[in-house]
Each structure stands twice: as C-alpha cells, then as structure tokens.
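Enquirer: One file: coords-v8.pdb (PDB, C-alpha atoms and all ligand atoms).
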```pdb
MODEL        1
ATOM      1  CA  MET A   1       0.000   0.000   0.000
ATOM      2  CA  GLY A   2       2.854   2.374  -0.605
ATOM      3  CA  GLN A   3       2.601   5.344  -2.908
ATOM      4  CA  SER A   4       2.600   4.422  -6.567
ATOM      5  CA  THR A   5       3.264   6.684  -9.497
ATOM      6  CA  LYS A   6       1.210   4.675 -11.969
ATOM      7  CA  THR A   7      -2.438   5.571 -12.416
ATOM      8  CA  LYS A   8      -4.771   3.112 -10.789
ATOM      9  CA  GLN A   9      -8.431   2.468 -11.407
ATOM     10  CA  VAL A  10     -10.916   3.712  -8.831
ATOM     11  CA  ARG A  11     -12.554   0.914  -6.885
ATOM     12  CA  THR A  12     -16.307   1.510  -6.955
ATOM     13  CA  VAL A  13     -18.998   0.551  -4.461
ATOM     14  CA  GLU A  14     -20.852  -2.558  -5.636
ATOM     15  CA  ARG A  15     -23.678  -2.259  -3.134
ATOM     16  CA  ILE A  16     -24.750  -0.652   0.120
ATOM     17  CA  VAL A  17     -26.481  -3.170   2.376
ATOM     18  CA  ALA A  18     -29.022  -2.029   4.989
ATOM     19  CA  PRO A  19     -28.857  -3.861   8.327
ATOM     20  CA  PRO A  20     -30.850  -7.119   8.035
ATOM     21  CA  ALA A  21     -33.568  -7.724  10.659
ATOM     22  CA  PRO A  22     -31.809  -8.629  13.931
ATOM     23  CA  HIS A  23     -31.783 -12.068  15.531
ATOM     24  CA  TRP A  24     -30.513 -13.253  18.895
ATOM     25  CA  VAL A  25     -27.388 -15.316  19.478
ATOM     26  CA  GLY A  26     -28.045 -16.790  22.924
ATOM     27  CA  ASP A  27     -29.529 -13.986  25.033
ATOM     28  CA  GLY A  28     -26.468 -11.752  24.847
ATOM     29  CA  PHE A  29     -26.057 -10.722  21.247
ATOM     30  CA  ARG A  30     -28.744  -9.049  19.160
ATOM     31  CA  VAL A  31     -27.153  -9.138  15.743
ATOM     32  CA  HIS A  32     -27.716  -8.097  12.171
ATOM     33  CA  GLY A  33     -26.377 -10.989  10.108
ATOM     34  CA  PHE A  34     -24.789  -9.164   7.162
ATOM     35  CA  LEU A  35     -22.808 -12.216   6.009
ATOM     36  CA  PRO A  36     -23.333 -14.771   4.623
ATOM     37  CA  HIS A  37     -26.481 -13.355   3.097
ATOM     38  CA  GLY A  38     -28.028 -13.418  -0.383
ATOM     39  CA  PRO A  39     -25.522 -12.413  -3.057
ATOM     40  CA  LEU A  40     -22.891 -11.806  -0.405
ATOM     41  CA  ASP A  41     -22.219 -15.507  -0.054
ATOM     42  CA  ALA A  42     -19.100 -17.243   1.170
ATOM     43  CA  GLU A  43     -17.380 -17.353  -2.227
ATOM     44  CA  ARG A  44     -18.077 -13.696  -2.941
ATOM     45  CA  MET A  45     -16.847 -12.511   0.441
ATOM     46  CA  SER A  46     -13.876 -14.870   1.003
ATOM     47  CA  PRO A  47     -11.805 -14.853   3.196
ATOM     48  CA  PHE A  48     -14.590 -13.343   5.317
ATOM     49  CA  PHE A  49     -17.438 -15.707   6.061
ATOM     50  CA  LEU A  50     -19.785 -14.371   8.722
ATOM     51  CA  LEU A  51     -20.384 -10.805   9.807
ATOM     52  CA  ASP A  52     -22.682 -10.403  12.808
ATOM     53  CA  TYR A  53     -23.216  -6.848  13.966
ATOM     54  CA  ASN A  54     -24.769  -6.065  17.338
ATOM     55  CA  SER A  55     -25.834  -2.469  16.667
ATOM     56  CA  LYS A  56     -26.289  -0.285  19.778
ATOM     57  CA  TYR A  57     -28.631  -2.017  22.170
ATOM     58  CA  THR A  58     -29.272  -1.301  25.837
ATOM     59  CA  PHE A  59     -29.216  -4.243  28.237
ATOM     60  CA  GLN A  60     -30.981  -4.000  31.574
ATOM     61  CA  PRO A  61     -28.931  -4.777  34.686
ATOM     62  CA  ARG A  62     -29.025  -8.292  36.062
ATOM     63  CA  GLU A  63     -26.883 -10.781  37.985
ATOM     64  CA  ILE A  64     -26.512 -13.691  35.553
ATOM     65  CA  PRO A  65     -24.406 -12.723  32.522
ATOM     66  CA  TYR A  66     -26.143 -12.600  29.164
ATOM     67  CA  GLY A  67     -24.423 -14.591  26.463
ATOM     68  CA  VAL A  68     -24.084 -17.857  24.615
ATOM     69  CA  GLY A  69     -23.072 -21.132  26.296
ATOM     70  CA  PRO A  70     -20.378 -23.650  25.322
ATOM     71  CA  HIS A  71     -20.176 -24.375  21.585
ATOM     72  CA  PRO A  72     -17.466 -25.677  19.243
ATOM     73  CA  HIS A  73     -15.629 -24.080  16.321
ATOM     74  CA  ARG A  74     -13.245 -25.565  13.758
ATOM     75  CA  GLY A  75     -11.571 -24.372  10.594
ATOM     76  CA  PHE A  76     -11.611 -20.568  10.929
ATOM     77  CA  GLU A  77     -11.029 -17.571  13.186
ATOM     78  CA  THR A  78     -13.552 -15.529  15.171
ATOM     79  CA  VAL A  79     -12.732 -11.868  15.567
ATOM     80  CA  THR A  80     -14.771  -9.955  18.129
ATOM     81  CA  ILE A  81     -14.528  -6.179  18.263
ATOM     82  CA  ALA A  82     -16.142  -4.452  21.252
ATOM     83  CA  TYR A  83     -17.333  -0.901  20.633
ATOM     84  CA  LYS A  84     -19.623  -0.511  23.681
ATOM     85  CA  GLY A  85     -19.793  -2.750  26.727
ATOM     86  CA  ARG A  86     -17.456  -5.565  27.708
ATOM     87  CA  VAL A  87     -17.316  -9.165  26.489
ATOM     88  CA  ALA A  88     -15.803 -12.153  28.275
ATOM     89  CA  HIS A  89     -14.943 -15.594  26.991
ATOM     90  CA  HIS A  90     -13.641 -18.931  28.226
ATOM     91  CA  ASP A  91     -12.463 -21.886  26.172
ATOM     92  CA  SER A  92     -11.873 -25.601  26.690
ATOM     93  CA  ARG A  93      -8.092 -25.112  26.580
ATOM     94  CA  GLY A  94      -8.057 -22.895  29.653
ATOM     95  CA  GLY A  95      -7.910 -19.679  27.662
ATOM     96  CA  GLY A  96     -10.170 -16.751  28.287
ATOM     97  CA  GLY A  97     -10.339 -13.100  29.020
ATOM     98  CA  VAL A  98     -12.295  -9.901  28.962
ATOM     99  CA  ILE A  99     -12.261  -7.366  26.188
ATOM    100  CA  GLY A 100     -13.248  -3.837  26.966
ATOM    101  CA  GLU A 101     -14.455  -1.015  24.764
ATOM    102  CA  GLY A 102     -12.186  -0.614  21.776
ATOM    103  CA  ASP A 103     -10.453  -3.974  22.259
ATOM    104  CA  VAL A 104     -10.383  -7.019  19.989
ATOM    105  CA  GLN A 105     -10.434 -10.740  20.710
ATOM    106  CA  TRP A 106      -8.954 -12.744  17.838
ATOM    107  CA  ILE A 107      -9.490 -16.484  18.270
ATOM    108  CA  THR A 108      -7.999 -19.041  15.905
ATOM    109  CA  ALA A 109     -10.296 -22.038  16.343
ATOM    110  CA  GLY A 110      -8.116 -24.117  14.010
ATOM    111  CA  SER A 111      -8.438 -27.827  14.785
ATOM    112  CA  GLY A 112     -11.125 -27.021  17.297
ATOM    113  CA  LEU A 113     -12.118 -25.720  20.671
ATOM    114  CA  LEU A 114     -15.195 -25.196  22.777
ATOM    115  CA  HIS A 115     -15.886 -21.747  24.058
ATOM    116  CA  LYS A 116     -18.577 -19.622  25.618
ATOM    117  CA  GLU A 117     -19.091 -15.934  25.010
ATOM    118  CA  TYR A 118     -20.936 -13.656  27.391
ATOM    119  CA  HIS A 119     -21.090 -10.187  28.882
ATOM    120  CA  GLU A 120     -18.464  -9.340  31.480
ATOM    121  CA  LYS A 121     -19.797  -9.660  35.041
ATOM    122  CA  GLU A 122     -19.659  -6.041  36.153
ATOM    123  CA  PHE A 123     -21.086  -4.789  32.852
ATOM    124  CA  THR A 124     -23.953  -7.250  33.334
ATOM    125  CA  ARG A 125     -24.612  -5.817  36.819
ATOM    126  CA  THR A 126     -24.697  -2.216  35.695
ATOM    127  CA  GLY A 127     -26.273  -2.880  32.316
ATOM    128  CA  GLY A 128     -25.967  -0.306  29.573
ATOM    129  CA  GLU A 129     -25.267   0.247  25.939
ATOM    130  CA  PHE A 130     -23.715  -2.688  24.076
ATOM    131  CA  GLN A 131     -22.294  -2.663  20.562
ATOM    132  CA  MET A 132     -19.973  -5.158  18.934
ATOM    133  CA  VAL A 133     -18.969  -6.987  15.787
ATOM    134  CA  GLN A 134     -18.109 -10.623  15.271
ATOM    135  CA  LEU A 135     -16.325 -11.439  12.038
ATOM    136  CA  TRP A 136     -15.394 -14.960  10.952
ATOM    137  CA  VAL A 137     -12.201 -15.116   8.913
ATOM    138  CA  ASN A 138     -11.802 -18.371   7.015
ATOM    139  CA  LEU A 139      -8.531 -20.307   7.220
ATOM    140  CA  PRO A 140      -6.635 -21.590   4.172
ATOM    141  CA  ALA A 141      -7.026 -25.375   3.682
ATOM    142  CA  LYS A 142      -3.457 -25.990   4.849
ATOM    143  CA  ASP A 143      -4.084 -24.165   8.147
ATOM    144  CA  LYS A 144      -7.570 -25.389   9.052
ATOM    145  CA  MET A 145      -6.235 -27.893  11.590
ATOM    146  CA  THR A 146      -3.657 -25.534  13.070
ATOM    147  CA  GLU A 147      -3.237 -25.396  16.848
ATOM    148  CA  PRO A 148      -5.940 -23.157  18.381
ATOM    149  CA  LYS A 149      -4.706 -19.817  19.674
ATOM    150  CA  TYR A 150      -6.000 -16.649  21.228
ATOM    151  CA  GLN A 151      -4.877 -13.080  20.571
ATOM    152  CA  ALA A 152      -6.139 -10.483  23.027
ATOM    153  CA  ILE A 153      -5.554  -7.121  21.397
ATOM    154  CA  THR A 154      -6.073  -4.057  23.543
ATOM    155  CA  ASN A 155      -6.872  -0.747  21.944
ATOM    156  CA  ALA A 156      -3.489   0.637  23.048
ATOM    157  CA  GLU A 157      -1.659  -2.157  21.181
ATOM    158  CA  MET A 158      -3.231  -1.326  17.831
ATOM    159  CA  GLY A 159      -1.306   0.522  15.169
ATOM    160  CA  ARG A 160      -2.327   4.161  14.982
ATOM    161  CA  LYS A 161      -1.967   6.615  12.121
ATOM    162  CA  ASP A 162      -3.169  10.173  12.508
ATOM    163  CA  LEU A 163      -5.105  11.665   9.609
ATOM    164  CA  SER A 164      -4.155  15.084   8.264
ATOM    165  CA  GLY A 165      -7.839  16.092   8.207
ATOM    166  CA  GLY A 166      -8.393  15.081  11.837
ATOM    167  CA  GLY A 167      -8.957  11.777  13.557
ATOM    168  CA  TYR A 168      -6.937   8.605  13.039
ATOM    169  CA  VAL A 169      -6.885   5.043  11.783
ATOM    170  CA  GLU A 170      -6.487   2.083  14.145
ATOM    171  CA  VAL A 171      -4.778  -0.868  12.502
ATOM    172  CA  ILE A 172      -5.868  -4.202  13.995
ATOM    173  CA  ALA A 173      -4.376  -6.406  11.276
ATOM    174  CA  GLY A 174      -2.390  -5.734   8.131
ATOM    175  CA  GLU A 175      -0.911  -2.364   7.328
ATOM    176  CA  PHE A 176      -2.017   1.204   6.646
ATOM    177  CA  GLU A 177       0.512   3.757   5.403
ATOM    178  CA  ARG A 178       3.387   1.692   6.831
ATOM    179  CA  VAL A 179       1.705   1.367  10.247
ATOM    180  CA  LYS A 180       1.227  -2.305  11.073
ATOM    181  CA  GLY A 181      -1.455  -3.980  13.152
ATOM    182  CA  PRO A 182      -0.619  -6.475  15.927
ATOM    183  CA  ALA A 183      -2.849  -9.379  14.837
ATOM    184  CA  THR A 184      -1.200 -12.251  13.015
ATOM    185  CA  THR A 185      -3.241 -13.749  10.184
ATOM    186  CA  PHE A 186      -2.965 -16.867   8.011
ATOM    187  CA  SER A 187      -3.771 -15.096   4.744
ATOM    188  CA  PRO A 188      -3.443 -11.432   3.787
ATOM    189  CA  VAL A 189      -6.077  -9.500   5.778
ATOM    190  CA  HIS A 190      -6.320  -5.806   6.593
ATOM    191  CA  LEU A 191      -8.663  -4.834   9.412
ATOM    192  CA  TYR A 192      -8.918  -1.187  10.522
ATOM    193  CA  ASN A 193     -11.109   1.097  12.534
ATOM    194  CA  LEU A 194     -11.262   4.320  10.546
ATOM    195  CA  LYS A 195     -11.963   7.132  13.001
ATOM    196  CA  PRO A 196     -12.033  10.326  10.939
ATOM    197  CA  LYS A 197     -13.284  13.653  12.264
ATOM    198  CA  ALA A 198     -16.069  15.372  10.323
ATOM    199  CA  GLY A 199     -14.768  16.417   6.908
ATOM    200  CA  ALA A 200     -11.591  14.317   7.026
ATOM    201  CA  GLU A 201     -10.897  12.271   3.904
ATOM    202  CA  ILE A 202      -8.988   8.971   3.903
ATOM    203  CA  LYS A 203      -7.293   7.565   0.801
ATOM    204  CA  LEU A 204      -7.205   3.776   0.727
ATOM    205  CA  SER A 205      -5.747   1.243  -1.678
ATOM    206  CA  PHE A 206      -5.824  -2.546  -1.809
ATOM    207  CA  PRO A 207      -5.198  -5.026  -4.626
ATOM    208  CA  ALA A 208      -8.296  -5.120  -6.849
ATOM    209  CA  ALA A 209      -8.877  -8.819  -6.183
ATOM    210  CA  TYR A 210      -9.153  -8.311  -2.409
ATOM    211  CA  THR A 211     -12.644  -8.592  -0.945
ATOM    212  CA  THR A 212     -13.271  -5.203   0.616
ATOM    213  CA  ALA A 213     -16.110  -3.800   2.737
ATOM    214  CA  ILE A 214     -16.822  -1.054   5.267
ATOM    215  CA  LEU A 215     -19.337  -1.210   8.111
ATOM    216  CA  ALA A 216     -20.431   2.166   9.508
ATOM    217  CA  ILE A 217     -20.382   1.820  13.296
ATOM    218  CA  GLU A 218     -20.836   5.514  14.119
ATOM    219  CA  GLY A 219     -21.667   8.449  11.902
ATOM    220  CA  SER A 220     -21.847   8.432   8.146
ATOM    221  CA  ALA A 221     -19.443   8.830   5.258
ATOM    222  CA  THR A 222     -19.226   9.487   1.553
ATOM    223  CA  ILE A 223     -17.253   7.060  -0.599
ATOM    224  CA  ASN A 224     -15.489   8.269  -3.749
ATOM    225  CA  GLY A 225     -17.252  11.604  -3.370
ATOM    226  CA  GLU A 226     -20.638  10.175  -4.319
ATOM    227  CA  LYS A 227     -21.863   7.089  -2.432
ATOM    228  CA  LYS A 228     -23.456   7.728   0.951
ATOM    229  CA  LEU A 229     -22.804   5.189   3.686
ATOM    230  CA  ALA A 230     -25.242   5.633   6.590
ATOM    231  CA  THR A 231     -24.792   4.422  10.176
ATOM    232  CA  ASP A 232     -25.187   0.641  10.600
ATOM    233  CA  HIS A 233     -24.948   0.068   6.832
ATOM    234  CA  LEU A 234     -22.346  -2.020   4.987
ATOM    235  CA  ALA A 235     -20.593  -0.925   1.802
ATOM    236  CA  VAL A 236     -19.261  -3.777  -0.333
ATOM    237  CA  PHE A 237     -16.757  -2.788  -2.992
ATOM    238  CA  ALA A 238     -16.482  -4.114  -6.534
ATOM    239  CA  ASN A 239     -13.204  -5.659  -7.688
ATOM    240  CA  ASP A 240     -12.758  -3.113 -10.453
ATOM    241  CA  GLY A 241      -9.904  -1.068  -9.061
ATOM    242  CA  GLU A 242      -7.583  -0.402  -6.159
ATOM    243  CA  ASP A 243      -7.980   3.154  -4.878
ATOM    244  CA  PHE A 244     -10.933   4.750  -3.153
ATOM    245  CA  THR A 245     -11.666   7.575  -0.749
ATOM    246  CA  VAL A 246     -13.773   7.740   2.376
ATOM    247  CA  LYS A 247     -14.832  11.148   3.679
ATOM    248  CA  ALA A 248     -16.544  11.523   7.032
ATOM    249  CA  ASP A 249     -19.818  13.478   6.857
ATOM    250  CA  GLU A 250     -19.593  13.730  10.657
ATOM    251  CA  ASP A 251     -17.229  12.245  13.261
ATOM    252  CA  ALA A 252     -17.296   8.573  12.337
ATOM    253  CA  VAL A 253     -16.157   5.074  13.288
ATOM    254  CA  LEU A 254     -15.942   2.763  10.284
ATOM    255  CA  LEU A 255     -14.787  -0.847  10.350
ATOM    256  CA  LEU A 256     -12.820  -1.627   7.207
ATOM    257  CA  MET A 257     -11.984  -5.161   6.114
ATOM    258  CA  SER A 258      -9.983  -6.165   3.054
ATOM    259  CA  GLY A 259      -8.597  -9.613   2.366
ATOM    260  CA  GLU A 260      -7.264 -11.838  -0.364
ATOM    261  CA  PRO A 261      -9.901 -14.419  -1.394
ATOM    262  CA  LEU A 262      -8.857 -17.978  -0.569
ATOM    263  CA  ASN A 263     -10.347 -19.458  -3.768
ATOM    264  CA  GLU A 264     -10.820 -22.854  -2.117
ATOM    265  CA  PRO A 265     -13.956 -24.995  -1.750
ATOM    266  CA  ILE A 266     -16.141 -24.072   1.228
ATOM    267  CA  ALA A 267     -18.186 -26.549   3.268
ATOM    268  CA  GLN A 268     -20.043 -25.227   6.305
ATOM    269  CA  TYR A 269     -22.242 -26.737   8.935
ATOM    270  CA  GLY A 270     -23.107 -24.552  11.921
ATOM    271  CA  PRO A 271     -19.887 -23.756  13.765
ATOM    272  CA  PHE A 272     -17.613 -25.771  11.443
ATOM    273  CA  LEU A 273     -16.076 -24.250   8.326
ATOM    274  CA  MET A 274     -14.108 -26.699   6.197
ATOM    275  CA  ASN A 275     -13.377 -27.515   2.537
ATOM    276  CA  THR A 276     -15.299 -30.776   2.055
ATOM    277  CA  ASN A 277     -18.405 -32.507   3.413
ATOM    278  CA  ALA A 278     -16.202 -35.390   4.597
ATOM    279  CA  GLN A 279     -14.281 -32.924   6.796
ATOM    280  CA  ILE A 280     -17.583 -31.598   8.162
ATOM    281  CA  ALA A 281     -18.691 -35.148   9.005
ATOM    282  CA  GLU A 282     -15.339 -35.692  10.728
ATOM    283  CA  ALA A 283     -15.766 -32.476  12.748
ATOM    284  CA  ILE A 284     -19.242 -33.542  13.919
ATOM    285  CA  ASP A 285     -17.869 -36.969  14.808
ATOM    286  CA  ASP A 286     -14.925 -35.504  16.718
ATOM    287  CA  PHE A 287     -17.274 -33.159  18.566
ATOM    288  CA  ARG A 288     -19.570 -36.055  19.571
ATOM    289  CA  GLN A 289     -16.562 -38.028  20.777
ATOM    290  CA  GLY A 290     -15.489 -35.150  23.003
ATOM    291  CA  LYS A 291     -12.322 -34.389  21.063
ATOM    292  CA  PHE A 292     -12.935 -30.645  21.380
ATOM    293  CA  GLY A 293     -12.452 -30.934  25.135
ATOM    294  CA  TYR A 294     -14.767 -29.993  27.960
ATOM    295  CA  LEU A 295     -16.135 -26.667  29.136
ATOM    296  CA  GLU A 296     -18.535 -26.084  31.985
ATOM    297  CA  GLY A 297     -21.690 -24.221  30.971
TER
HETATM  298 MN    MN B   1     -18.304 -18.723  19.153
ENDMDL
END
```
For this file, write the structure as structure tokens.
Expert:
Amino acid sequence: MGQSTKTKQVRTVERIVAPPAPHWVGDGFRVHGFLPHGPLDAERMSPFFLLDYNSKYTFQPREIPYGVGPHPHRGFETVTIAYKGRVAHHDSRGGGGVIGEGDVQWITAGSGLLHKEYHEKEFTRTGGEFQMVQLWVNLPAKDKMTEPKYQAITNAEMGRKDLSGGGYVEVIAGEFERVKGPATTFSPVHLYNLKPKAGAEIKLSFPAAYTTAILAIEGSATINGEKKLATDHLAVFANDGEDFTVKADEDAVLLLMSGEPLNEPIAQYGPFLMNTNAQIAEAIDDFRQGKFGYLEG
C-alpha cells in the first residue's frame, strides 16, 4: 500500500447493504447478520465468512451474565470487536479473558475448541449500551487444523496513524501507510477502525482482487465523493480497481476489512467451516466423541 506513481483504477462501491432484521445469538447478542447473506455468499466474500453486527442495544442490569453457552468451532477464526460494553470468553483449553471497549479478541479455532461468550460480570450488573462486531475469517485449507490460539488485542496495542484532516486510523491487522497492526493472520487480511473527524478524507488502496467492505459503526461517510454510507450500513466494494476515498460526513467510526480471497472450496455446517463434506462429518464426529475438550456451561 505504498505510494505508486502509476495511475490506478478507482474501486467503486458494488452495493450498500441495509442492516438485516436482527436475531438473537443466545440472550447476549442481538445481531444483524450481514454475512453470509443473499448475493454476499461465502465465495463472494472470502476470506470473510460471517459478519454479525450487534448495533447499539441497551441491556438491563441483572446478575446472571447474558451470552451464549459452550459451543465448538473448527476451521476458521472468530474476531470480536467491542465498541460498547465488555465481552468475556472462556475456552476448553483454559484460555479466556475480557475485552473492553475498543479492544479485539482474535481467536484461531483451528483444529477445534469449545468456548462460551458472554457479557463481562460487572457490565452485566450495571447494564448499559452494548455494541460489537463478530467477524469470521476463514482459514486456508493448509491451516484449518492448526493449533488453536488466542490473541487479546487491547486498543493501546493497535497501530495508529493520525489523519491530516483530523482523527486517526487504528490498525488491527495488516498495514495502513506503513503502520502495522498487531494481529497475526494466516492469509493477507487488513482490518482497521477508521476514526475520521467530520470532513476528514482517507485515501485507501488494496489489490483489486481483495474482498473489501466497510461497516459504519458511528456516523456516516461518503465514498469516492458520491456514495453515501449511513450508520449501521455495509458498503461492499467491486473488484474493479484499487484506490478509493472515504470522507466523514460527521465524526465517524468505520470498520474496514480487506482480504485476499482464498479461492478454495467451502463446506459449512453450523460452527464448522471446512473444505469438504467429509471434513464436516469428521468435525461432527470428533465433537460427539469429546475431542474438542470440555467446558462447563
Ligand atoms: Mn463462538
């Protein structure tokens, strides 16, 4: 993403997607399931598979944490980004932690783990506004059975690049203007929080083949000087060019994802994301035999 002297094609917006009707994941996450959905299927959006967005929602105080109980994953990574409220997690390998506002939890499920995801205890007691994203990043075939791992990324650890027009860009993974993000990935992925002040314009560039999208978390923006992206909407870019601009209509928080498509077969069943149906059958079998370990509910 360095400066280039050659003229590049502008990457246009293919579609703006309004937030789909929300559904509940357990009792803790009220999400708009942007992906996989309609034309934005797994092949189109690779390496990204699922995008669940809990738009701002106020939880009432209570004692027992809201959330989703023990469940398995295999073959991909779950990336949870907390914008409001605090999320906790525990897994069958003894891992776990709490992510606060602005932090990211990057879990490589790999060969498989059980985990549970819920609201942090004290946040549950006080209640309040909750807003988060969970993104599933698919793993290349050769890495699907990699050892599970957990990356807790605090906001302070993220790469940060100030914008000349005001505001800044947080780099979670990949690179923006030579500022690198802390997350390690198995295929080329860029994940940023764009945080421009009103009127600030950001120039972005990724290889044309990369699957690229922006979710407006706060505020609204104008893409390439013409396309309006409203709060809680998703812009999906065409693969017709490299460069585009994002200008904040007001102070904004925009989640940008761009990744190289894996171009491998996709087989999915619930929480398993593999390449073939035989591998899915094996995952179900392994799960039934307790090979994902044990986790108390
Ligand atoms: Mn999960």
Enquirer: Just want the 9 Å neighbourhood of Ser111 of chain A, counted on only C-alpha atoms, with same-chain residues fewer than 3 positions away dropped. Output as a count of residues only.
Expert: 13
Enquirer: Which one is closest to ligand MN 1 (chain B): A:Pro271, A:Gly38, A:Gly181, A:Gly290? Count all atoms listed in the file.
Expert: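 Ranked by minimum distance to ligand MN 1 (chain B), first place goes to A:Pro271.
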Enquirer: Any chance you could resolve the PyMOL selection byres (((not hetatm)) within 10 of (chain B and resi 1)) against this file and give the residues as a PDB file with C-alpha atoms, in the coordinates of the input?
Expert:
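What follows is the written file part.pdb:
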```
ATOM      1  CA  VAL A  25     -27.388 -15.316  19.478  1.00  0.00           C
ATOM      2  CA  VAL A  68     -24.084 -17.857  24.615  1.00  0.00           C
ATOM      3  CA  GLY A  69     -23.072 -21.132  26.296  1.00  0.00           C
ATOM      4  CA  PRO A  70     -20.378 -23.650  25.322  1.00  0.00           C
ATOM      5  CA  HIS A  71     -20.176 -24.375  21.585  1.00  0.00           C
ATOM      6  CA  PRO A  72     -17.466 -25.677  19.243  1.00  0.00           C
ATOM      7  CA  HIS A  73     -15.629 -24.080  16.321  1.00  0.00           C
ATOM      8  CA  GLU A  77     -11.029 -17.571  13.186  1.00  0.00           C
ATOM      9  CA  THR A  78     -13.552 -15.529  15.171  1.00  0.00           C
ATOM     10  CA  VAL A  79     -12.732 -11.868  15.567  1.00  0.00           C
ATOM     11  CA  THR A  80     -14.771  -9.955  18.129  1.00  0.00           C
ATOM     12  CA  HIS A  89     -14.943 -15.594  26.991  1.00  0.00           C
ATOM     13  CA  ASP A  91     -12.463 -21.886  26.172  1.00  0.00           C
ATOM     14  CA  ILE A 107      -9.490 -16.484  18.270  1.00  0.00           C
ATOM     15  CA  ALA A 109     -10.296 -22.038  16.343  1.00  0.00           C
ATOM     16  CA  LEU A 113     -12.118 -25.720  20.671  1.00  0.00           C
ATOM     17  CA  LEU A 114     -15.195 -25.196  22.777  1.00  0.00           C
ATOM     18  CA  HIS A 115     -15.886 -21.747  24.058  1.00  0.00           C
ATOM     19  CA  LYS A 116     -18.577 -19.622  25.618  1.00  0.00           C
ATOM     20  CA  GLU A 117     -19.091 -15.934  25.010  1.00  0.00           C
ATOM     21  CA  GLN A 134     -18.109 -10.623  15.271  1.00  0.00           C
ATOM     22  CA  TRP A 136     -15.394 -14.960  10.952  1.00  0.00           C
ATOM     23  CA  PRO A 271     -19.887 -23.756  13.765  1.00  0.00           C
TER      24      PRO A 271
END
```
Enquirer: Can you tell me, as a PyMOL selection string, what residues are no more than 12 Å from Gln131 of chain A when counting only C-alpha atoms, ignoring any on the same chain fewer than 3 positions away?
Expert: chain A and resi 28-32+52-59+80-87+100-102+119+128+134+217-218+232
Enquirer: Selection from above, C-alpha atoms, as a compact mmCIF listing (two decimals), in the coordinates of the input, can you write it?
Expert:
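To be explicit, this is the file written out as result.txt:
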```txt
# COMPACT_ATOMS: atom_id res chain seq x y z
CA GLY A 28 -26.47 -11.75 24.85
CA PHE A 29 -26.06 -10.72 21.25
CA ARG A 30 -28.74 -9.05 19.16
CA VAL A 31 -27.15 -9.14 15.74
CA HIS A 32 -27.72 -8.10 12.17
CA ASP A 52 -22.68 -10.40 12.81
CA TYR A 53 -23.22 -6.85 13.97
CA ASN A 54 -24.77 -6.06 17.34
CA SER A 55 -25.83 -2.47 16.67
CA LYS A 56 -26.29 -0.28 19.78
CA TYR A 57 -28.63 -2.02 22.17
CA THR A 58 -29.27 -1.30 25.84
CA PHE A 59 -29.22 -4.24 28.24
CA THR A 80 -14.77 -9.96 18.13
CA ILE A 81 -14.53 -6.18 18.26
CA ALA A 82 -16.14 -4.45 21.25
CA TYR A 83 -17.33 -0.90 20.63
CA LYS A 84 -19.62 -0.51 23.68
CA GLY A 85 -19.79 -2.75 26.73
CA ARG A 86 -17.46 -5.56 27.71
CA VAL A 87 -17.32 -9.16 26.49
CA GLY A 100 -13.25 -3.84 26.97
CA GLU A 101 -14.46 -1.01 24.76
CA GLY A 102 -12.19 -0.61 21.78
CA HIS A 119 -21.09 -10.19 28.88
CA GLY A 128 -25.97 -0.31 29.57
CA GLN A 134 -18.11 -10.62 15.27
CA ILE A 217 -20.38 1.82 13.30
CA GLU A 218 -20.84 5.51 14.12
CA ASP A 232 -25.19 0.64 10.60
```
Enquirer: Which residue is closest to Leu234 of chain A? Choose from A:Ala216, A:Val246, A:Glu14, A:Phe49 and count only C-alpha atoms.
Expert: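 Closest to Leu234 of chain A of all the choices is A:Ala216.
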Enquirer: Within 9 Å of Tyr269 of chain A, counting only C-alpha atoms, which residues qualify if same-chain residues fewer than 5 places away don't, as a list in words?
Expert: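 Here the answer would be Met274, Asn277, Ile280 and Ile284 of chain A.
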Enquirer: Box in all listed atoms of segment 258-265 of chain A, axis-aligned, with 4 Å more on each side; write out centre and edge lengths in Å to one decimal as lines of an AutoDock Vina configuration file.
Expert:
```
center_x = -10.6
center_y = -15.6
center_z = -0.4
size_x = 14.7
size_y = 26.8
size_z = 14.8
```
Enquirer: If you apply the PyMOL selection byres (((chain A and resi 42) around 12) and not hetatm) to this file, what residues do you get, as a ChimeraX atom specification?
Expert: /A:34-41,43-51,136-138,211,261-268,273-275
Enquirer: With distances taken over only C-alpha atoms, which of A:Glu177, A:Glu260, A:Glu282, A:Glu157 is nearest to Asn239 of chain A?
Expert: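 Among A:Glu177, A:Glu260, A:Glu282, A:Glu157, it is A:Glu260 that comes nearest to Asn239 of chain A.
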